[in-house]
Structures are given as structure tokens and as C-alpha cells.
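Visitor: Provided below: input_39.cif, containing mmCIF, C-alpha atoms.
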data_structure
loop_
_atom_site.label_atom_id
_atom_site.label_comp_id
_atom_site.auth_asym_id
_atom_site.auth_seq_id
_atom_site.Cartn_x
_atom_site.Cartn_y
_atom_site.Cartn_z
CA MET A 78 0.00 0.00 0.00
CA THR A 79 1.38 3.37 -0.91
CA THR A 80 2.12 5.42 2.19
CA THR A 81 5.01 7.63 3.07
CA GLY A 82 7.88 6.16 5.04
CA GLN A 83 7.03 8.44 7.97
CA HIS A 84 3.47 7.16 8.10
CA ALA A 85 4.47 3.53 7.76
CA MET A 86 6.75 3.51 10.78
CA ASN A 87 6.62 4.87 14.28
CA SER A 88 8.10 8.33 14.55
CA SER A 89 10.63 7.09 17.10
CA ASP A 90 12.16 4.96 14.36
CA SER A 91 12.10 7.55 11.59
CA GLY A 92 15.86 7.44 11.05
CA CYS A 93 18.49 4.72 10.72
CA ALA A 94 21.06 6.14 13.13
CA GLU A 95 19.48 4.33 16.06
CA THR A 96 18.99 0.99 14.36
CA PRO A 97 18.74 -1.59 17.18
CA SER A 98 21.07 -4.52 17.52
CA ALA A 99 20.17 -7.35 15.20
CA GLY A 100 20.65 -10.09 17.75
CA ASN A 101 20.61 -13.39 15.89
CA VAL A 102 19.36 -12.04 12.56
CA ALA A 103 22.78 -10.99 11.24
CA HIS A 104 23.79 -12.76 8.01
CA MET A 105 20.16 -13.46 7.14
CA LYS A 106 18.78 -12.75 3.70
CA ILE A 107 15.30 -11.25 3.44
CA LEU A 108 12.97 -10.02 0.72
CA ILE A 109 10.91 -6.84 1.09
CA ILE A 110 7.89 -6.54 -1.24
CA GLU A 111 6.69 -2.96 -0.79
CA ASP A 112 5.45 -0.43 -3.36
CA ASP A 113 6.13 2.62 -1.18
CA LEU A 114 9.65 3.37 -2.38
CA GLU A 115 10.46 5.70 0.52
CA ALA A 116 9.43 3.12 3.13
CA ALA A 117 11.24 0.37 1.22
CA ALA A 118 14.44 2.42 1.04
CA TYR A 119 14.29 3.06 4.78
CA LEU A 120 13.74 -0.63 5.57
CA THR A 121 16.45 -1.81 3.19
CA LYS A 122 18.99 0.57 4.70
CA ALA A 123 17.98 -0.22 8.29
CA PHE A 124 18.17 -3.97 7.77
CA ARG A 125 21.52 -3.72 6.01
CA GLU A 126 22.90 -1.65 8.89
CA ALA A 127 21.77 -4.51 11.14
CA GLY A 128 23.85 -6.92 9.07
CA ILE A 129 20.98 -8.38 7.05
CA ILE A 130 20.99 -8.76 3.27
CA ALA A 131 17.77 -7.13 2.05
CA ASP A 132 16.41 -7.36 -1.49
CA HIS A 133 13.45 -5.25 -2.63
CA ALA A 134 10.60 -5.74 -5.08
CA SER A 135 8.15 -2.90 -5.74
CA ASP A 136 5.17 -4.91 -7.00
CA GLY A 137 3.52 -8.27 -6.44
CA GLU A 138 4.55 -9.94 -9.69
CA SER A 139 8.22 -9.02 -9.28
CA GLY A 140 8.13 -10.06 -5.66
CA LEU A 141 6.59 -13.43 -6.50
CA PHE A 142 9.27 -14.06 -9.10
CA MET A 143 12.10 -13.14 -6.72
CA ALA A 144 10.67 -15.19 -3.86
CA THR A 145 10.26 -18.19 -6.15
CA GLU A 146 13.63 -18.01 -7.87
CA ASN A 147 15.75 -17.17 -4.81
CA THR A 148 16.09 -18.49 -1.27
CA TYR A 149 15.24 -16.11 1.58
CA ASP A 150 15.11 -16.55 5.33
CA VAL A 151 12.10 -14.24 5.66
CA ALA A 152 9.82 -12.32 3.28
CA ILE A 153 8.17 -9.05 4.36
CA ILE A 154 5.11 -8.44 2.19
CA ASP A 155 2.73 -5.49 2.06
CA ARG A 156 -0.90 -6.46 1.47
CA MET A 157 -1.91 -3.82 -1.08
CA LEU A 158 0.50 -4.02 -4.00
CA PRO A 159 0.30 -3.17 -7.73
CA ARG A 160 0.07 -5.96 -10.34
CA ARG A 161 -0.64 -8.64 -7.71
CA ASP A 162 -1.85 -8.09 -4.14
CA GLY A 163 0.16 -9.37 -1.20
CA LEU A 164 -2.25 -12.12 -0.13
CA SER A 165 -2.27 -13.48 -3.67
CA VAL A 166 1.53 -13.52 -3.65
CA ILE A 167 1.56 -15.49 -0.40
CA SER A 168 -1.08 -17.97 -1.56
CA GLU A 169 0.80 -18.58 -4.80
CA LEU A 170 4.09 -19.09 -2.95
CA ARG A 171 2.46 -21.71 -0.73
CA ARG A 172 0.85 -23.37 -3.75
CA LYS A 173 4.27 -23.61 -5.38
CA GLY A 174 5.73 -25.20 -2.25
CA VAL A 175 7.76 -22.15 -1.16
CA HIS A 176 7.74 -22.22 2.64
CA THR A 177 9.71 -19.04 3.37
CA PRO A 178 8.31 -17.48 6.58
CA VAL A 179 6.21 -14.43 5.68
CA LEU A 180 5.57 -11.33 7.76
CA ILE A 181 2.69 -9.24 6.43
CA LEU A 182 2.89 -5.45 6.76
CA SER A 183 -0.35 -3.58 6.26
CA ALA A 184 -2.33 -0.50 7.16
CA LEU A 185 -5.26 -2.93 7.45
CA GLY A 186 -4.88 -3.88 11.09
CA GLN A 187 -8.28 -5.05 12.31
CA VAL A 188 -8.65 -8.56 13.74
CA ASP A 189 -10.46 -9.81 10.62
CA ASP A 190 -7.67 -8.41 8.43
CA ARG A 191 -5.01 -10.21 10.45
CA VAL A 192 -6.95 -13.48 10.42
CA THR A 193 -7.36 -13.24 6.64
CA GLY A 194 -3.64 -12.65 6.22
CA LEU A 195 -2.66 -15.58 8.42
CA ARG A 196 -5.12 -17.88 6.71
CA ALA A 197 -3.66 -16.91 3.34
CA GLY A 198 -0.37 -18.42 4.51
CA GLY A 199 1.28 -15.59 6.42
CA ASP A 200 3.27 -16.45 9.54
CA ASP A 201 3.04 -13.09 11.28
CA TYR A 202 1.16 -9.81 10.80
CA LEU A 203 2.31 -6.33 11.80
CA PRO A 204 -0.07 -3.38 11.28
CA LYS A 205 1.18 0.04 10.18
CA PRO A 206 2.39 2.26 11.76
CA TYR A 207 5.03 0.16 13.48
CA ALA A 208 8.38 0.56 15.22
CA PHE A 209 11.38 -0.83 13.35
CA SER A 210 12.69 -2.39 16.57
CA GLU A 211 9.55 -4.54 16.76
CA LEU A 212 9.78 -5.46 13.09
CA LEU A 213 13.40 -6.49 13.55
CA ALA A 214 12.49 -8.64 16.57
CA ARG A 215 9.69 -10.36 14.65
CA VAL A 216 12.02 -11.04 11.72
CA GLU A 217 14.47 -12.61 14.15
CA VAL A 218 11.75 -14.93 15.48
CA LEU A 219 10.64 -15.94 11.98
CA GLY A 220 14.24 -16.53 10.94
CA ARG A 221 14.68 -18.97 13.82
CA ARG A 222 11.48 -20.74 12.84
CA LYS A 223 12.60 -21.53 9.31
CA GLY A 224 13.05 -25.25 8.78
CA THR A 225 11.99 -28.03 6.48
CA PRO A 226 8.64 -27.66 4.68
CA GLU A 227 7.08 -30.25 6.99
CA GLN A 228 8.25 -28.33 10.07
CA ASP A 229 6.78 -25.15 8.65
CA VAL A 230 3.44 -26.66 7.66
CA LEU A 231 2.65 -29.77 9.69
CA TYR A 232 2.78 -30.19 13.47
CA ARG A 233 2.47 -33.57 15.17
CA VAL A 234 2.07 -34.55 18.81
CA GLY A 235 1.45 -38.26 19.17
CA ASP A 236 -1.44 -39.14 16.87
CA LEU A 237 -2.62 -35.51 16.72
CA GLU A 238 -1.81 -33.62 13.51
CA LEU A 239 -2.33 -29.98 12.55
CA ASP A 240 -1.88 -28.79 8.96
CA ARG A 241 -1.31 -25.03 8.78
CA LEU A 242 -2.03 -24.77 5.06
CA SER A 243 -5.27 -26.73 4.87
CA HIS A 244 -6.29 -25.72 8.40
CA GLU A 245 -7.18 -29.33 9.13
CA VAL A 246 -6.74 -31.08 12.46
CA ARG A 247 -6.85 -34.85 12.80
CA ARG A 248 -6.31 -37.28 15.60
CA GLY A 249 -5.94 -40.95 14.86
CA GLY A 250 -7.07 -40.13 11.32
CA LYS A 251 -10.32 -38.59 12.56
CA GLU A 252 -11.00 -34.99 11.53
CA ILE A 253 -11.55 -32.53 14.38
CA LEU A 254 -13.42 -29.32 13.60
CA LEU A 255 -12.09 -26.25 15.40
CA GLN A 256 -13.12 -22.62 15.51
CA PRO A 257 -10.46 -20.15 14.23
CA ARG A 258 -9.34 -19.13 17.72
CA GLU A 259 -9.18 -22.77 18.83
CA PHE A 260 -7.04 -23.52 15.79
CA ARG A 261 -4.60 -20.71 16.61
CA LEU A 262 -4.46 -21.86 20.21
CA LEU A 263 -3.71 -25.46 19.25
CA GLU A 264 -1.19 -24.34 16.63
CA TYR A 265 0.74 -22.31 19.20
CA LEU A 266 0.66 -25.11 21.76
CA MET A 267 1.85 -27.69 19.21
CA LYS A 268 4.59 -25.39 17.95
CA ASN A 269 5.85 -25.33 21.54
CA ALA A 270 5.10 -29.00 22.29
CA GLY A 271 6.77 -30.32 25.43
CA GLN A 272 7.25 -26.80 26.82
CA VAL A 273 5.16 -24.87 29.34
CA VAL A 274 3.19 -22.12 27.61
CA THR A 275 2.23 -19.32 29.99
CA ARG A 276 -0.94 -17.23 29.99
CA THR A 277 1.11 -14.20 28.93
CA MET A 278 2.49 -16.09 25.93
CA LEU A 279 -1.02 -17.12 24.89
CA LEU A 280 -2.44 -13.63 25.34
CA GLU A 281 0.30 -12.10 23.17
CA ASN A 282 0.55 -14.78 20.48
CA VAL A 283 -3.01 -16.08 20.17
CA TRP A 284 -5.15 -13.13 21.28
CA ASP A 285 -2.74 -10.31 20.32
CA TYR A 286 -3.17 -8.78 23.78
CA HIS A 287 -0.18 -7.15 25.44
CA PHE A 288 -2.01 -6.86 28.74
CA ASP A 289 -4.04 -9.24 30.88
CA PRO A 290 -7.76 -8.48 30.46
CA GLN A 291 -8.37 -10.31 33.77
CA THR A 292 -10.95 -12.65 32.24
CA ASN A 293 -11.21 -16.42 31.98
CA VAL A 294 -11.09 -16.34 28.17
CA ILE A 295 -7.99 -18.57 28.04
CA ASP A 296 -9.42 -21.13 30.45
CA VAL A 297 -12.66 -21.33 28.48
CA HIS A 298 -10.90 -21.86 25.14
CA VAL A 299 -8.45 -24.39 26.58
CA SER A 300 -11.35 -26.33 28.08
CA ARG A 301 -13.21 -26.36 24.74
CA LEU A 302 -10.09 -27.34 22.86
CA ARG A 303 -9.28 -30.13 25.31
CA SER A 304 -12.78 -31.57 24.98
CA LYS A 305 -12.47 -31.65 21.19
CA ILE A 306 -9.00 -33.18 20.85
CA GLU A 307 -9.37 -35.68 23.71
CA LYS A 308 -12.98 -36.81 23.34
CA ASP A 309 -13.13 -40.54 22.52
CA PHE A 310 -9.36 -40.87 23.06
CA SER A 311 -7.85 -42.54 26.11
CA GLN A 312 -4.49 -40.76 26.00
CA PRO A 313 -4.64 -37.13 27.27
CA LEU A 314 -2.36 -34.65 25.50
CA LEU A 315 -3.21 -31.17 26.82
CA LYS A 316 -2.18 -30.62 30.42
CA THR A 317 -2.68 -27.76 32.84
CA ILE A 318 0.51 -26.97 34.73
CA ARG A 319 -0.77 -25.49 37.97
CA GLY A 320 0.55 -21.99 38.59
CA ALA A 321 2.51 -21.96 35.32
CA GLY A 322 0.35 -22.47 32.24
CA TYR A 323 -0.34 -25.26 29.77
CA MET A 324 1.57 -27.93 27.91
CA ILE A 325 0.76 -30.28 25.07
CA LYS A 326 2.84 -33.42 25.15
CA ASP A 327 2.64 -37.04 24.12
CA GLU A 328 3.54 -39.31 27.01
CA GLY A 329 2.42 -42.50 25.33
#
Give the structure from this file in C-alpha cells form.

Guide:
Amino acid sequence: MTTTGQHAMNSSDSGCAETPSAGNVAHMKILIIEDDLEAAAYLTKAFREAGIIADHASDGESGLFMATENTYDVAIIDRMLPRRDGLSVISELRRKGVHTPVLILSALGQVDDRVTGLRAGGDDYLPKPYAFSELLARVEVLGRRKGTPEQDVLYRVGDLELDRLSHEVRRGGKEILLQPREFRLLEYLMKNAGQVVTRTMLLENVWDYHFDPQTNVIDVHVSRLRSKIEKDFSQPLLKTIRGAGYMIKDEG
């Protein structure tokens, strides 16, 4: 989407002199698909100062070609692009078997917009305006996540399977129908299988809250999810760790 660089990013990150430390993202190679040339130039310079190789495409068709023909650790894609929109680019990449982690940047930041972007195959979604320090941190996380196509797409815990592309969940070959929030909850738990997942982690990564609303929303969804994935199965998978959080683990 065409916006000025100042509007696309938080004013506290309007220059490159204070580019934050890159942490573990140094030596990565990323692709930026953004039609706002001013914003793209800022991002390219900031990432390069952080030690990251950054290529740029200014429209969807060029970006799709570059992402298909080259190997990148992360792709940053704007939603509203000329020639081919960002969601179409992502869907086509996934159809072609390209599993590069994708972070969507967009001025469209409502919950429905984010859900649509993630369902199209995006791995993360950052609304505009944003702070470059947060973008850099999210790129670092996505870069660590990159693995084999099966690791990117399919999660397994025991006989429970979750397919991120088809949005299908099966246990013992039996399809389990989940609501969108239940799917995101299970996906996050399975991605962190064998580890305790705290309420704060769930609020930030499943509900996009950066504060505790002091409700039982997590408990309710965990209870519903547990009933769906464990009904008619003797082996429990989803455990409540008293005073800590939740864990999904196969102990069979």
C-alpha cells in the first residue's frame, strides 16, 4: 500500500542512526515486497545496517518471481501491491511449495484483516504504523522458525496432527473441527510442544493482547479445545501446569 515512510513507521524509528542490535538475525537474507519506495528504502537501509541482506521488489509480480527463484530466510510483504496483491503472492508461494516465513505489513490492522492474512499463509502480521525495533524482533523470530517444509506446515504430537495450510486437524485419522481461535491456540501449543506455555504467551501470540484483560477467556478456550481433541481418546495430551500455564505433550 502506498504510504510515506514516515506514516508507515513509528516516529521514534524515523531514522536509521538508532537501528537496534540485530541479535541473531545478522547474516540473514530477506525479501521486502513494498510499493512505497520511501518506506522500502528506509527498511532496506535499516536492515543492512543490522547486518541483514535485504532485497526489494516494488510490485507483487516481481516479488513473487524473486521469492520463487531465490532463497530467503524471511519475506516481508505489504498487502496492497500493484500488479498482484500481497495475499495473492503469499497464496501462490504456498501453492508452489515455497515455505519461506512471511511477515505481512499492512495499514489494514483489524482482527479480521489479520486473520485473513494468516489464513492466506502468512506467519506473522504487523499493522502500520510500526516501530522498526519490533519489526526487527519479529524477523528474528521468523528466521529462527525456518526449517523443512514439513516443520513449517505440519505439526504432530502423538497421533494428533495440525496442517497449517489446509487448516485441518486430525487425531488418529479422525477430523476434528475447530473454531479459528481454537485452531490458533492449538497451533501455538503444538509449535511449543513439550514446553510450558504461559498465559502471557497465549495472550500475546493467540489473542494479540499485550495486557491481561483479567478474564477467563484462556481457560474457556483451553477447556473447549481439550474436549475436542481428547474426546473418545484414552491418551490425554493437553495438560494444565498449575501456577505456570499449559503444555501439550505425548507421554504414550

Visitor: Quote the spacing between CA of Arg196 in chain A and CA of Lys316 in chain A in Å to one decimal place.

Guide: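 These two atoms are separated by 27.1 Å.
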
Visitor: Give me the result of the PyMOL selection byres ((chain A and resi 280) around 12) on this file, residue by residue, as a JSON list (two decimals) with C-alpha atoms, in the frame of the given file.

Guide:
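Printed below is out13.json as written:
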[["chain", "number", "residue", "atom", "x", "y", "z"],
["A", 258, "ARG", "CA", -9.34, -19.13, 17.72],
["A", 261, "ARG", "CA", -4.60, -20.71, 16.61],
["A", 262, "LEU", "CA", -4.46, -21.86, 20.21],
["A", 265, "TYR", "CA", 0.74, -22.31, 19.20],
["A", 274, "VAL", "CA", 3.19, -22.12, 27.61],
["A", 275, "THR", "CA", 2.23, -19.32, 29.99],
["A", 276, "ARG", "CA", -0.94, -17.23, 29.99],
["A", 277, "THR", "CA", 1.11, -14.20, 28.93],
["A", 278, "MET", "CA", 2.49, -16.09, 25.93],
["A", 279, "LEU", "CA", -1.02, -17.12, 24.89],
["A", 281, "GLU", "CA", 0.30, -12.10, 23.17],
["A", 282, "ASN", "CA", 0.55, -14.78, 20.48],
["A", 283, "VAL", "CA", -3.01, -16.08, 20.17],
["A", 284, "TRP", "CA", -5.15, -13.13, 21.28],
["A", 285, "ASP", "CA", -2.74, -10.31, 20.32],
["A", 286, "TYR", "CA", -3.17, -8.78, 23.78],
["A", 287, "HIS", "CA", -0.18, -7.15, 25.44],
["A", 288, "PHE", "CA", -2.01, -6.86, 28.74],
["A", 289, "ASP", "CA", -4.04, -9.24, 30.88],
["A", 290, "PRO", "CA", -7.76, -8.48, 30.46],
["A", 291, "GLN", "CA", -8.37, -10.31, 33.77],
["A", 292, "THR", "CA", -10.95, -12.65, 32.24],
["A", 293, "ASN", "CA", -11.21, -16.42, 31.98],
["A", 294, "VAL", "CA", -11.09, -16.34, 28.17],
["A", 295, "ILE", "CA", -7.99, -18.57, 28.04],
["A", 296, "ASP", "CA", -9.42, -21.13, 30.45],
["A", 298, "HIS", "CA", -10.90, -21.86, 25.14],
["A", 322, "GLY", "CA", 0.35, -22.47, 32.24]]

Visitor: Where does the PyMOL selection byres ((chain A and resi 238-243) around 9) land in this file, that is, which residues does it pick, as a ChimeraX atom specification?

Guide: /A:171,196-198,229-237,244-250,260,263-264,267

Visitor: Find, counting only C-alpha atoms, the residue in A:Ile109, A:Ala118, A:Ile154, A:Ala127 that gets nearest to Ala184 in chain A.

Guide: A:Ile154

Visitor: What is the distance between CA of Arg160 in chain A and CA of Val216 in chain A, in Å to one decimal?

Guide: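 Straight-line distance from CA of Arg160 in chain A to CA of Val216 in chain A works out to 25.6 Å.
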
Visitor: For CA of Arg125 in chain A and CA of Leu108 in chain A, determine how far apart the two atoms are, in Å to one decimal place.

Guide: 11.9 Å

Visitor: Restricting the calculation to all atoms listed in the file, which member of A:Val299, A:Pro257, A:Tyr323, A:Ser139 is positioned closest to Val192 in chain A?

Guide: A:Pro257

Visitor: Spell out the residues picked by the PyMOL selection byres ((chain A and resi 182) around 12) here, as a PyMOL selection string.

Guide: chain A and resi 78-80+85-86+109-113+116-117+120+152-158+163-164+179-181+183-186+190-191+194-195+199-209+212+215-216

Visitor: List every protein, DNA or RNA residue that has an atom no more than 10 Å from (7.7, -29.0, 23.2) in the file's coordinate frame, counting all atoms listed in the file, and report them as a list of chain:residue names.

Guide: A:Val234, A:Leu266, A:Met267, A:Lys268, A:Asn269, A:Ala270, A:Gly271, A:Gln272, A:Val273, A:Val274, A:Met324, A:Ile325, A:Lys326, A:Asp327

Visitor: Could you add whatever atoms are missing so that range 274-286 of chain A carries N, CA, C and O atoms, then write the result as a PDB file, keeping the file's coordinate frame?

Guide:
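This went into rebuild.pdb:
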ATOM      1  N   VAL A 274       3.623 -23.349  28.273  1.00  0.00           N
ATOM      2  CA  VAL A 274       3.190 -22.120  27.610  1.00  0.00           C
ATOM      3  C   VAL A 274       2.398 -21.315  28.640  1.00  0.00           C
ATOM      4  O   VAL A 274       1.371 -21.781  29.144  1.00  0.00           O
ATOM      5  N   THR A 275       2.865 -20.131  28.954  1.00  0.00           N
ATOM      6  CA  THR A 275       2.230 -19.320  29.990  1.00  0.00           C
ATOM      7  C   THR A 275       1.016 -18.566  29.454  1.00  0.00           C
ATOM      8  O   THR A 275       0.820 -18.437  28.235  1.00  0.00           O
ATOM      9  N   ARG A 276       0.210 -18.043  30.382  1.00  0.00           N
ATOM     10  CA  ARG A 276      -0.940 -17.230  29.990  1.00  0.00           C
ATOM     11  C   ARG A 276      -0.487 -16.003  29.198  1.00  0.00           C
ATOM     12  O   ARG A 276      -1.120 -15.624  28.212  1.00  0.00           O
ATOM     13  N   THR A 277       0.605 -15.385  29.631  1.00  0.00           N
ATOM     14  CA  THR A 277       1.110 -14.200  28.930  1.00  0.00           C
ATOM     15  C   THR A 277       1.475 -14.540  27.494  1.00  0.00           C
ATOM     16  O   THR A 277       1.168 -13.776  26.555  1.00  0.00           O
ATOM     17  N   MET A 278       2.128 -15.664  27.286  1.00  0.00           N
ATOM     18  CA  MET A 278       2.490 -16.090  25.930  1.00  0.00           C
ATOM     19  C   MET A 278       1.257 -16.292  25.073  1.00  0.00           C
ATOM     20  O   MET A 278       1.224 -15.898  23.896  1.00  0.00           O
ATOM     21  N   LEU A 279       0.218 -16.893  25.641  1.00  0.00           N
ATOM     22  CA  LEU A 279      -1.020 -17.120  24.890  1.00  0.00           C
ATOM     23  C   LEU A 279      -1.726 -15.806  24.587  1.00  0.00           C
ATOM     24  O   LEU A 279      -2.221 -15.601  23.476  1.00  0.00           O
ATOM     25  N   LEU A 280      -1.783 -14.916  25.567  1.00  0.00           N
ATOM     26  CA  LEU A 280      -2.440 -13.630  25.340  1.00  0.00           C
ATOM     27  C   LEU A 280      -1.766 -12.856  24.210  1.00  0.00           C
ATOM     28  O   LEU A 280      -2.436 -12.253  23.368  1.00  0.00           O
ATOM     29  N   GLU A 281      -0.426 -12.878  24.170  1.00  0.00           N
ATOM     30  CA  GLU A 281       0.300 -12.100  23.170  1.00  0.00           C
ATOM     31  C   GLU A 281       0.290 -12.762  21.799  1.00  0.00           C
ATOM     32  O   GLU A 281       0.215 -12.074  20.776  1.00  0.00           O
ATOM     33  N   ASN A 282       0.372 -14.096  21.753  1.00  0.00           N
ATOM     34  CA  ASN A 282       0.550 -14.780  20.480  1.00  0.00           C
ATOM     35  C   ASN A 282      -0.721 -15.350  19.869  1.00  0.00           C
ATOM     36  O   ASN A 282      -0.768 -15.599  18.666  1.00  0.00           O
ATOM     37  N   VAL A 283      -1.751 -15.542  20.685  1.00  0.00           N
ATOM     38  CA  VAL A 283      -3.010 -16.080  20.170  1.00  0.00           C
ATOM     39  C   VAL A 283      -4.101 -15.019  20.145  1.00  0.00           C
ATOM     40  O   VAL A 283      -4.879 -14.939  19.210  1.00  0.00           O
ATOM     41  N   TRP A 284      -4.115 -14.165  21.186  1.00  0.00           N
ATOM     42  CA  TRP A 284      -5.150 -13.130  21.280  1.00  0.00           C
ATOM     43  C   TRP A 284      -4.631 -11.749  20.891  1.00  0.00           C
ATOM     44  O   TRP A 284      -5.396 -10.799  20.817  1.00  0.00           O
ATOM     45  N   ASP A 285      -3.331 -11.608  20.678  1.00  0.00           N
ATOM     46  CA  ASP A 285      -2.740 -10.310  20.320  1.00  0.00           C
ATOM     47  C   ASP A 285      -2.968  -9.264  21.403  1.00  0.00           C
ATOM     48  O   ASP A 285      -3.045  -8.067  21.115  1.00  0.00           O
ATOM     49  N   TYR A 286      -3.080  -9.701  22.653  1.00  0.00           N
ATOM     50  CA  TYR A 286      -3.170  -8.780  23.780  1.00  0.00           C
ATOM     51  C   TYR A 286      -1.770  -8.611  24.368  1.00  0.00           C
ATOM     52  O   TYR A 286      -1.029  -9.573  24.510  1.00  0.00           O
TER      53      TYR A 286
END
